[in-house]
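Shown next: run_16.csv, given as CSV, C-alpha atoms.
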```csv
chain,number,residue,atom,x,y,z
A,1,MET,CA,-30.1,-87.2,69.4
A,2,ARG,CA,-27.1,-89.4,70.2
A,3,LYS,CA,-29.3,-92.5,70.5
A,4,ILE,CA,-30.7,-91.9,67.0
A,5,LEU,CA,-27.2,-91.5,65.6
A,6,ILE,CA,-26.0,-94.7,67.2
A,7,ALA,CA,-29.1,-96.6,66.0
A,8,SER,CA,-28.6,-95.2,62.5
A,9,MET,CA,-25.0,-96.4,62.4
A,10,VAL,CA,-26.0,-99.9,63.7
A,11,ILE,CA,-28.6,-100.2,61.0
A,12,LEU,CA,-26.2,-98.9,58.3
A,13,VAL,CA,-23.5,-101.4,59.3
A,14,CYS,CA,-25.9,-104.3,59.5
A,15,GLY,CA,-27.4,-103.4,56.1
A,16,ALA,CA,-23.9,-103.2,54.6
A,17,PHE,CA,-22.9,-106.6,56.1
A,18,LEU,CA,-26.1,-108.3,54.9
A,19,GLY,CA,-25.8,-106.7,51.4
A,20,ALA,CA,-22.2,-107.9,51.1
A,21,LEU,CA,-23.1,-111.4,52.3
A,22,ALA,CA,-25.9,-111.7,49.8
A,23,HIS,CA,-23.7,-110.3,47.0
A,24,PHE,CA,-20.9,-112.8,47.6
A,25,ARG,CA,-23.2,-115.7,48.2
A,26,TYR,CA,-25.0,-115.3,44.9
A,27,SER,CA,-22.5,-113.6,42.5
A,28,ALA,CA,-19.3,-115.6,43.2
A,29,SER,CA,-20.7,-119.1,43.5
A,30,THR,CA,-19.7,-120.4,40.1
A,31,VAL,CA,-17.9,-119.6,36.9
A,32,THR,CA,-18.3,-121.6,33.7
A,33,VAL,CA,-15.1,-122.7,31.8
A,34,PRO,CA,-15.1,-123.6,28.1
A,35,HIS,CA,-15.6,-127.2,28.9
A,36,GLY,CA,-19.0,-126.5,30.6
A,37,ILE,CA,-17.8,-127.5,34.1
A,38,ALA,CA,-18.8,-125.1,36.9
A,39,LEU,CA,-15.8,-124.1,39.0
A,40,SER,CA,-15.8,-122.7,42.4
A,41,TRP,CA,-14.3,-119.2,42.4
A,42,SER,CA,-11.7,-120.2,45.0
A,43,SER,CA,-10.4,-123.6,44.1
A,44,ASN,CA,-10.3,-126.6,41.8
A,45,GLU,CA,-11.7,-129.0,44.4
A,46,ARG,CA,-14.9,-129.7,42.4
A,47,ALA,CA,-13.3,-129.4,39.0
A,48,ILE,CA,-10.5,-131.9,39.3
A,49,PRO,CA,-12.7,-135.0,39.9
A,50,LYS,CA,-14.9,-134.0,37.0
A,51,LEU,CA,-12.0,-133.5,34.7
A,52,GLN,CA,-10.5,-136.9,35.8
A,53,ALA,CA,-13.9,-138.6,35.1
A,54,GLU,CA,-14.0,-137.1,31.6
A,55,LEU,CA,-10.5,-138.1,30.9
A,56,GLN,CA,-11.2,-141.7,32.0
A,57,LYS,CA,-13.9,-141.8,29.3
A,58,ASP,CA,-11.5,-140.5,26.6
A,59,PRO,CA,-7.8,-140.6,27.8
A,60,GLN,CA,-6.4,-139.3,24.5
A,61,ASN,CA,-8.6,-136.2,24.4
A,62,ALA,CA,-6.2,-133.3,24.1
A,63,GLU,CA,-8.6,-130.7,25.6
A,64,TRP,CA,-9.4,-132.8,28.7
A,65,ASN,CA,-5.7,-133.5,29.2
A,66,THR,CA,-4.9,-129.8,28.9
A,67,ALA,CA,-7.7,-128.8,31.2
A,68,LEU,CA,-6.7,-131.2,33.9
A,69,GLY,CA,-3.1,-130.2,33.5
A,70,GLN,CA,-4.1,-126.5,34.1
A,71,ALA,CA,-6.1,-127.5,37.1
A,72,TYR,CA,-3.1,-129.4,38.5
A,73,LEU,CA,-0.9,-126.3,38.0
A,74,GLN,CA,-3.5,-124.2,39.9
A,75,LYS,CA,-3.6,-126.9,42.6
A,76,ALA,CA,0.2,-126.7,42.9
A,77,ARG,CA,-0.1,-122.9,43.4
A,78,GLU,CA,-2.9,-123.3,46.0
A,79,THR,CA,-1.1,-126.0,48.0
A,80,GLY,CA,2.6,-125.5,47.3
A,81,ASP,CA,2.8,-129.2,46.5
A,82,PRO,CA,5.3,-129.7,43.7
A,83,THR,CA,4.0,-133.2,42.9
A,84,TYR,CA,1.2,-131.6,40.9
A,85,TYR,CA,3.9,-130.3,38.5
A,86,SER,CA,4.8,-133.8,37.4
A,87,LYS,CA,1.1,-134.7,37.0
A,88,ALA,CA,0.6,-131.5,34.9
A,89,GLU,CA,3.7,-132.3,32.8
A,90,GLN,CA,2.4,-135.8,31.9
A,91,LEU,CA,-1.0,-134.4,30.9
A,92,PHE,CA,0.5,-131.6,28.7
A,93,SER,CA,2.8,-134.1,27.1
A,94,ARG,CA,-0.1,-136.5,26.3
A,95,ALA,CA,-2.1,-133.6,24.9
A,96,LEU,CA,0.8,-132.5,22.7
A,97,ALA,CA,1.4,-136.1,21.6
A,98,THR,CA,-2.2,-136.3,20.5
A,99,ARG,CA,-2.3,-132.9,18.9
A,100,ARG,CA,1.1,-131.4,18.2
A,101,ASN,CA,-0.2,-127.9,17.6
A,102,ASN,CA,-2.4,-127.6,20.7
A,103,VAL,CA,-1.8,-124.0,21.7
A,104,ALA,CA,-3.5,-124.4,25.1
A,105,ALA,CA,-1.2,-127.3,26.0
A,106,LEU,CA,1.8,-125.3,24.8
A,107,ILE,CA,0.7,-122.4,27.1
A,108,GLY,CA,0.2,-124.8,29.9
A,109,ASP,CA,3.6,-126.3,29.4
A,110,ALA,CA,5.1,-122.8,29.3
A,111,SER,CA,3.4,-121.9,32.5
A,112,LEU,CA,4.8,-125.1,34.1
A,113,ALA,CA,8.3,-124.2,32.9
A,114,MET,CA,7.8,-120.7,34.5
A,115,SER,CA,6.8,-122.4,37.8
A,116,ARG,CA,10.0,-124.4,37.7
A,117,HIS,CA,12.0,-121.3,36.8
A,118,GLU,CA,13.0,-122.8,33.4
A,119,PHE,CA,12.7,-119.4,31.7
A,120,GLN,CA,14.4,-120.3,28.4
A,121,THR,CA,12.0,-123.3,27.9
A,122,ALA,CA,9.0,-121.1,28.8
A,123,ARG,CA,10.2,-118.5,26.3
A,124,LYS,CA,10.6,-121.1,23.5
A,125,LEU,CA,7.1,-122.6,24.2
A,126,ALA,CA,5.4,-119.2,24.4
A,127,GLU,CA,7.0,-118.2,21.1
A,128,GLN,CA,5.8,-121.5,19.6
A,129,ALA,CA,2.3,-120.8,20.8
A,130,ILE,CA,2.3,-117.3,19.5
A,131,GLY,CA,3.5,-118.6,16.1
A,132,LEU,CA,0.6,-121.0,16.0
A,133,ASN,CA,-2.1,-118.5,17.1
A,134,PRO,CA,-1.0,-114.9,17.7
A,135,ASP,CA,-4.5,-113.9,18.9
A,136,ILE,CA,-4.3,-115.7,22.3
A,137,VAL,CA,-3.2,-113.0,24.7
A,138,VAL,CA,-2.0,-115.2,27.6
A,139,SER,CA,0.9,-116.4,25.4
A,140,TYR,CA,2.3,-112.9,25.4
A,141,GLY,CA,2.0,-112.7,29.2
A,142,VAL,CA,4.0,-115.9,29.6
A,143,LEU,CA,6.6,-114.7,27.0
A,144,ALA,CA,7.0,-111.3,28.8
A,145,TYR,CA,7.4,-112.9,32.2
A,146,ALA,CA,10.0,-115.4,30.7
A,147,LEU,CA,12.0,-112.5,29.3
A,148,PHE,CA,12.5,-110.8,32.8
```
Written form, structure tokens:
Amino acid sequence: MRKILIASMVILVCGAFLGALAHFRYSASTVTVPHGIALSWSSNERAIPKLQAELQKDPQNAEWNTALGQAYLQKARETGDPTYYSKAEQLFSRALATRRNNVAALIGDASLAMSRHEFQTARKLAEQAIGLNPDIVVSYGVLAYALF
């Protein structure tokens, strides 16, 4: 009886392990962003070179500048390397110079300000983004965090 119980437990544990392995292997492999680039669920390693290539084709494209700026912000979070903040700032500035009312670039700039603990700047940018498009929920998250 004891051998049957141990064998059952081994089979159960092995089955759970194999099921979890299959689940994570197939369900978490990629996510598609609005720009159609497949991102790894854990990092920007594959996205950054693709975004850079797209930006080389069209350096003034506000969407690509914003997307790469967001990727650099995430890279700064992942690595703790603050040099990515300057890169993101340049890209958000370029996006806003191209299209002054680019809500995504304003939100990115506000997130950058939050990362630098520039709370008043983040608040101002988040309020500006909300004024342009009150339906984008992430703006409220940045605003709420800036108010604390």
For A:Asn65, the nearest of the candidates A:Phe92, A:Tyr140, A:Tyr145, A:Phe119, counting all atoms listed in the file: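 Among the listed residues, the smallest separation from A:Asn65 belongs to A:Phe92.
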Interatomic distance, atom CA of A:Gly69 to atom CA of A:Ile130 (Å, one decimal):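 Calculated distance between atom CA of A:Gly69 and atom CA of A:Ile130 is 19.8 Å.
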For stretch 95-108 of chain A: contacts at 6 Å, only C-alpha atoms, fewer than 6 positions along chain excluded, given as a PyMOL selection string: chain A and resi 62+65-66+125+129
Point-to-point distance from atom CA of A:Ala126 to atom CA of A:Leu91, Å rounded to tenths: 17.7 Å
Atomic distance atom CA of A:Asn133 - atom CA of A:Ser111, expressed in Å with one decimal: 16.7 Å
Residue among A:Leu68, A:Glu63, A:Tyr85, A:Ala110 lying closest to A:Lys50, counting all atoms listed in the file: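 Looking only at the distances to A:Lys50, the closest residue turns out to be A:Leu68.
Minimum distance to A:Gln74 across A:Glu45, A:Glu127, A:Asp135, A:Glu54 (counting only C-alpha atoms) occurs at A:Glu45.
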